[in-house]
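See below for the structure under consideration.
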Amino acid sequence: MKDPDTYTALCDKIDRSRMVEDLTTMISIPSRNPFRQEVRKGYREKEMAEFYCDRMSDLGLEVGSRDVVPGRPNVWGVLKGRSSGPSLMLSGHLDTVGDENYADAFVPRIENNRVFGRGACDMKDGLASYLEVARVIRDEDIELNGDLILTGIADEEDQMIGSKDLGERGPWADYGIIGEPSNMEVCSAHKGQVGYLVRSLGKAVHSSRPEDGVNAIEGMMHIVDALKAFQQELMSRDAHALCGHGRCGASVIRGGTLVSTVPDYCELEVDRRILPGETREGVYAELNGLISTVVRSHPQFRFEIEGPTIDVLPLDVTSDNPVLNSVLSATRSITGDSAEAGAFFGGTDAPHFGFPTVIFGAGTLQQAHSLNEYVEIAHMMTATRVYLYSVLDLMHRT
Ligand SMILES: [Zn+2]
């Protein structure tokens, strides 16, 4: 940090009540991911995106928007730097998971210094923090070398089409930070997720004469056994320093029609969590090899693979990267802890951006997606300071 006095002065300008108001307003704008159902009001990002663009525009940012698919935009706002110094993106997703069985999910509530509601920590809190960072920088006439870019991304909770689109079509930055609920830990890595659908094709006959048919469910049982053995093999491979071991398992199975019929069809959704360095092509080759082995021992069965049905890249920001070191030193100086980089449990938009992006935010993955989602306002304040610190550290024109 070149100018700690400016940073300290700016921290005093962070307006807690304004930030909480932005957060509660955003919670009250339902932006559930449609999860491949019809895209409609309340189940898309559009209304949230409009609010976020309005707020960024109020702050004097150059605002842009692009539909990834109709009604589902990515949005951004740019606070222009004075030179071509490194640019930083503060990014968050606009969508949330659903509200099944969650009473009043979109009626924000403040209690015990916490804000409750769907999206409170995953991750409308991050979006509110970014607005406050931009406001403080602008109000105090802080000159930045590079561009500060705020983004609101579509579809993080499902297929991540928003971040994949941003990676292809921009805007881009030199560095990124995503305020996903990391429990205030700095995360520089996470596993990727690749899903495939496996079909088992048999022959249907009356179940009183099963020897005349081929039971597709029994065929799939061999695949499930082979996946279990493969999971053991993954555990015996070398671990990634932060992410540990890759994982593999059967997540969804469907098959059979009638108790009196030998089923001729069964399908299985395979979930594969990949380490940095592994690819979807490698996963496909492994799965194909595993199926070939089953077929060699049991040639009466036939299988097909479809996919990937889900495809999230792994993240691995190198330890010498400036944004990682900036967020680490911010955390150390603000919390007094000897923070070290760790791995985030889930997948995020970060690896799709195409530039080094780290994860740091208030809230936890236990609170996110729960029926009692909340964020500690104090943690949100700390996260805002961390973002502000890194903006100044990486870009302040002194
Ligand atoms: Zn999230």
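Naming works like this for the structure tokens: A, B, ... for the chains as they're shown, residue 1 at the start of each chain, ligands 1 onward in shown order.
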
(message) When DSSP is applied to the backbone of this structure, which of stretch 19-199 of chain A are assigned helix (DSSP H, G or I)? Write them out as a PyMOL selection string.
(response) chain A and resi 19-27+46-58+120-139+161-169

Which residues are near ligand 1 in this structure, taking near to mean any atom at most 9 Å from a ligand atom and counting only C-alpha atoms and all ligand atoms? Format them as a tab-separated table (two decimals) with C-alpha atoms, in the first residue's frame.
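Here's the written file pocket39.tsv:
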chain	number	residue	atom	x	y	z
A	92	GLY	CA	-20.79	-10.42	-8.56
A	93	HIS	CA	-23.67	-12.46	-9.89
A	94	LEU	CA	-27.14	-10.99	-10.21
A	95	ASP	CA	-29.08	-14.25	-9.77
A	96	THR	CA	-29.94	-16.22	-6.64
A	97	VAL	CA	-31.14	-19.74	-5.95
A	119	GLY	CA	-29.26	-13.18	-1.76
A	121	CYS	CA	-24.69	-13.21	1.35
A	122	ASP	CA	-24.87	-14.91	-2.05
A	123	MET	CA	-24.17	-12.38	-3.19
A	124	LYS	CA	-26.06	-9.10	-3.28
A	156	GLU	CA	-23.89	-18.05	-11.86
A	157	GLU	CA	-26.15	-20.47	-10.01
A	179	GLY	CA	-17.24	-11.36	-3.29
A	180	GLU	CA	-18.74	-14.86	-3.04
A	181	PRO	CA	-19.37	-15.96	0.57
A	346	GLY	CA	-17.87	-24.53	-4.82
A	347	GLY	CA	-17.34	-23.35	-8.37
A	348	THR	CA	-17.51	-19.67	-9.31
A	349	ASP	CA	-17.54	-17.37	-12.34
A	365	LEU	CA	-21.67	-21.37	2.05
A	368	ALA	CA	-25.92	-19.22	1.27
A	369	HIS	CA	-28.71	-21.30	-0.32

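Between A:Ala105 and the candidates A:Gly249, A:Arg237, A:Ile29, A:Asn325, the tightest atom-to-atom separation, counting only C-alpha atoms, involves A:Ile29.
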
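The protein and nucleic acid residues lying at most 12 Å from A:Pro4 are Met1, Lys2, Thr6, Tyr7, Thr8, Ala9, Leu10, Cys11, Ala330, Ser333, Ile334, Leu388, Tyr389, Ser390, Leu392, Asp393, His396 and Thr398 of chain A, with only C-alpha atoms considered and sequence neighbours fewer than 2 positions away removed.
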
(request) Pull the strand (DSSP E) assignments for stretch 269-376 of chain A out of DSSP run on the backbone, and list those residues as a PyMOL selection string. (result) chain A and resi 269-274+302-312+315-316+342-344+357-359+374-376

(message) When you look at A:Lys13 with a cut-off of 12 Å (counting only C-alpha atoms), what residues show up, excluding the ones that are within fewer than 3 positions of it in the same chain? I need them as a PyMOL selection string.
(response) chain A and resi 6-10+16-19+132-140+381+384-385+388

Could you write out that same residue set with C-alpha atoms as a compact mmCIF listing (two decimals), in the first residue's frame?
# COMPACT_ATOMS: atom_id res chain seq x y z
CA THR A 6 -5.59 7.98 2.09
CA TYR A 7 -6.87 4.47 2.64
CA THR A 8 -7.61 5.19 6.31
CA ALA A 9 -9.37 8.43 5.42
CA LEU A 10 -11.48 6.68 2.78
CA ARG A 16 -22.86 1.60 6.46
CA SER A 17 -26.50 2.63 6.22
CA ARG A 18 -26.29 3.39 2.49
CA MET A 19 -24.73 0.01 1.85
CA GLU A 132 -19.91 1.84 -1.96
CA VAL A 133 -16.27 1.42 -3.01
CA ALA A 134 -16.98 3.22 -6.29
CA ARG A 135 -18.91 5.97 -4.49
CA VAL A 136 -16.10 6.66 -2.02
CA ILE A 137 -13.43 6.70 -4.74
CA ARG A 138 -15.48 9.10 -6.85
CA ASP A 139 -16.69 11.38 -4.02
CA GLU A 140 -13.16 11.82 -2.71
CA MET A 381 -18.06 -3.59 6.23
CA THR A 384 -15.79 -3.42 1.66
CA ARG A 385 -12.56 -2.22 3.27
CA LEU A 388 -11.18 -0.57 -1.22

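With only C-alpha atoms as the atoms that count, the residue of A:Ala383, A:Leu258, A:Ile217, A:Ala226 with the shortest distance to A:Ser292 is A:Ala226.
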
(message) Need to verify the contact set: A:Gln193, 10 Å, only C-alpha atoms, exclusion of same-chain residues closer than 5 positions in sequence. Can you return it as number ranges by chain?
(response) A: 246-248, 271-275, 279-280, 308, 310-314, 346-347

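With only C-alpha atoms as the atoms that count, the minimum distance from A:Met221 to the choices A:Cys266, A:Ile149, A:Leu234, A:Val186 is reached by A:Cys266.
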
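Surrounding stretch 158-169 of chain A within 7 Å are Phe35, Val68, Asn74, Ile153, Ala154, Asp155, Ile310, Asp349, His352, Phe353 and Gly354 of chain A, with only C-alpha atoms counted and residues fewer than 3 positions along the same chain left out.
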
Using N, CA and C atoms, can you write the selected residues to a file as a JSON list (two decimals), in the first residue's frame?
[["chain", "number", "residue", "atom", "x", "y", "z"],
["A", 35, "PHE", "N", -33.25, -21.69, -13.78],
["A", 35, "PHE", "CA", -32.85, -23.11, -13.84],
["A", 35, "PHE", "C", -33.50, -23.84, -15.02],
["A", 68, "VAL", "N", -27.15, -11.92, -22.45],
["A", 68, "VAL", "CA", -26.49, -13.19, -22.76],
["A", 68, "VAL", "C", -27.48, -14.08, -23.50],
["A", 74, "ASN", "N", -25.69, -9.44, -18.74],
["A", 74, "ASN", "CA", -24.54, -9.02, -17.93],
["A", 74, "ASN", "C", -24.52, -7.51, -17.97],
["A", 153, "ILE", "N", -23.30, -10.21, -13.10],
["A", 153, "ILE", "CA", -23.22, -11.33, -14.04],
["A", 153, "ILE", "C", -24.47, -12.20, -13.93],
["A", 154, "ALA", "N", -24.93, -12.69, -15.07],
["A", 154, "ALA", "CA", -26.11, -13.57, -15.11],
["A", 154, "ALA", "C", -25.71, -15.04, -14.89],
["A", 155, "ASP", "N", -26.63, -15.79, -14.33],
["A", 155, "ASP", "CA", -26.62, -17.27, -14.38],
["A", 155, "ASP", "C", -25.45, -17.94, -13.68],
["A", 310, "ILE", "N", -22.82, -30.19, -17.55],
["A", 310, "ILE", "CA", -22.37, -29.03, -16.78],
["A", 310, "ILE", "C", -20.87, -28.93, -16.96],
["A", 349, "ASP", "N", -17.74, -17.99, -11.02],
["A", 349, "ASP", "CA", -17.54, -17.37, -12.34],
["A", 349, "ASP", "C", -16.06, -17.15, -12.66],
["A", 352, "HIS", "N", -13.85, -18.39, -15.69],
["A", 352, "HIS", "CA", -14.35, -18.14, -17.05],
["A", 352, "HIS", "C", -13.97, -16.76, -17.57],
["A", 353, "PHE", "N", -13.57, -15.87, -16.65],
["A", 353, "PHE", "CA", -13.26, -14.51, -17.08],
["A", 353, "PHE", "C", -12.03, -14.44, -17.99],
["A", 354, "GLY", "N", -11.08, -15.33, -17.74],
["A", 354, "GLY", "CA", -9.88, -15.32, -18.56],
["A", 354, "GLY", "C", -8.79, -14.41, -18.04]]

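Taking atom CA of A:Phe106 and atom CA of A:Glu376 as endpoints, the distance between them is 17.5 Å.
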
(message) as number ranges by chain, please: the residues near A:Arg109 (cut-off 10 Å, only C-alpha atoms, same-chain neighbours under 6 positions excluded).
(response) A: 24, 27, 115-117, 120, 374

Save out the residues we just selected, all heavy atoms, as an mmCIF file, in the first residue's frame.
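Saved as part.cif:
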data_model
loop_
_atom_site.group_PDB
_atom_site.id
_atom_site.type_symbol
_atom_site.label_atom_id
_atom_site.label_comp_id
_atom_site.auth_asym_id
_atom_site.auth_seq_id
_atom_site.Cartn_x
_atom_site.Cartn_y
_atom_site.Cartn_z
ATOM 1 N N THR A 24 -30.689 -4.230 0.986
ATOM 2 C CA THR A 24 -32.091 -4.599 1.220
ATOM 3 C C THR A 24 -32.943 -4.329 -0.023
ATOM 4 O O THR A 24 -33.831 -5.111 -0.351
ATOM 5 C CB THR A 24 -32.674 -3.865 2.446
ATOM 6 O OG1 THR A 24 -32.477 -2.464 2.282
ATOM 7 C CG2 THR A 24 -32.031 -4.337 3.729
ATOM 8 N N ILE A 27 -32.300 -7.270 -2.288
ATOM 9 C CA ILE A 27 -32.970 -8.504 -1.827
ATOM 10 C C ILE A 27 -34.445 -8.476 -2.233
ATOM 11 O O ILE A 27 -35.026 -9.506 -2.602
ATOM 12 C CB ILE A 27 -32.821 -8.670 -0.296
ATOM 13 C CG1 ILE A 27 -31.375 -8.999 0.062
ATOM 14 C CG2 ILE A 27 -33.760 -9.766 0.238
ATOM 15 C CD1 ILE A 27 -31.075 -8.972 1.552
ATOM 16 N N VAL A 115 -28.341 -8.769 8.064
ATOM 17 C CA VAL A 115 -29.394 -8.572 7.068
ATOM 18 C C VAL A 115 -29.813 -9.957 6.586
ATOM 19 O O VAL A 115 -28.966 -10.760 6.156
ATOM 20 C CB VAL A 115 -28.902 -7.726 5.876
ATOM 21 C CG1 VAL A 115 -30.019 -7.578 4.839
ATOM 22 C CG2 VAL A 115 -28.425 -6.361 6.341
ATOM 23 N N PHE A 116 -31.127 -10.240 6.659
ATOM 24 C CA PHE A 116 -31.676 -11.533 6.262
ATOM 25 C C PHE A 116 -32.431 -11.409 4.942
ATOM 26 O O PHE A 116 -33.051 -10.379 4.680
ATOM 27 C CB PHE A 116 -32.660 -12.039 7.318
ATOM 28 C CG PHE A 116 -32.021 -12.437 8.626
ATOM 29 C CD1 PHE A 116 -31.700 -11.474 9.580
ATOM 30 C CD2 PHE A 116 -31.752 -13.771 8.896
ATOM 31 C CE1 PHE A 116 -31.117 -11.844 10.784
ATOM 32 C CE2 PHE A 116 -31.171 -14.150 10.100
ATOM 33 C CZ PHE A 116 -30.851 -13.177 11.052
ATOM 34 N N GLY A 117 -32.415 -12.487 4.171
ATOM 35 C CA GLY A 117 -33.193 -12.548 2.929
ATOM 36 C C GLY A 117 -32.414 -13.285 1.860
ATOM 37 O O GLY A 117 -31.181 -13.414 1.946
ATOM 38 N N ALA A 120 -28.783 -12.380 0.515
ATOM 39 C CA ALA A 120 -28.096 -11.511 1.487
ATOM 40 C C ALA A 120 -26.584 -11.706 1.439
ATOM 41 O O ALA A 120 -25.830 -10.733 1.410
ATOM 42 C CB ALA A 120 -28.633 -11.771 2.890
ATOM 43 N N TYR A 374 -28.384 -14.989 5.582
ATOM 44 C CA TYR A 374 -28.096 -13.667 6.142
ATOM 45 C C TYR A 374 -26.635 -13.310 5.946
ATOM 46 O O TYR A 374 -25.816 -14.160 5.572
ATOM 47 C CB TYR A 374 -28.443 -13.614 7.639
ATOM 48 C CG TYR A 374 -27.569 -14.472 8.527
ATOM 49 C CD1 TYR A 374 -26.367 -13.990 9.041
ATOM 50 C CD2 TYR A 374 -27.945 -15.768 8.858
ATOM 51 C CE1 TYR A 374 -25.569 -14.779 9.847
ATOM 52 C CE2 TYR A 374 -27.150 -16.561 9.660
ATOM 53 C CZ TYR A 374 -25.959 -16.066 10.160
ATOM 54 O OH TYR A 374 -25.167 -16.857 10.949
#

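For the atom pair formed by atom CA of A:Asp3 and atom CA of A:Arg55, the distance is 28.3 Å, given to one decimal.
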
(message) Just to confirm, what's the straight-line distance from atom CA of A:Glu278 to atom CA of A:His245 in Å (one decimal)?
(response) 11.4 Å
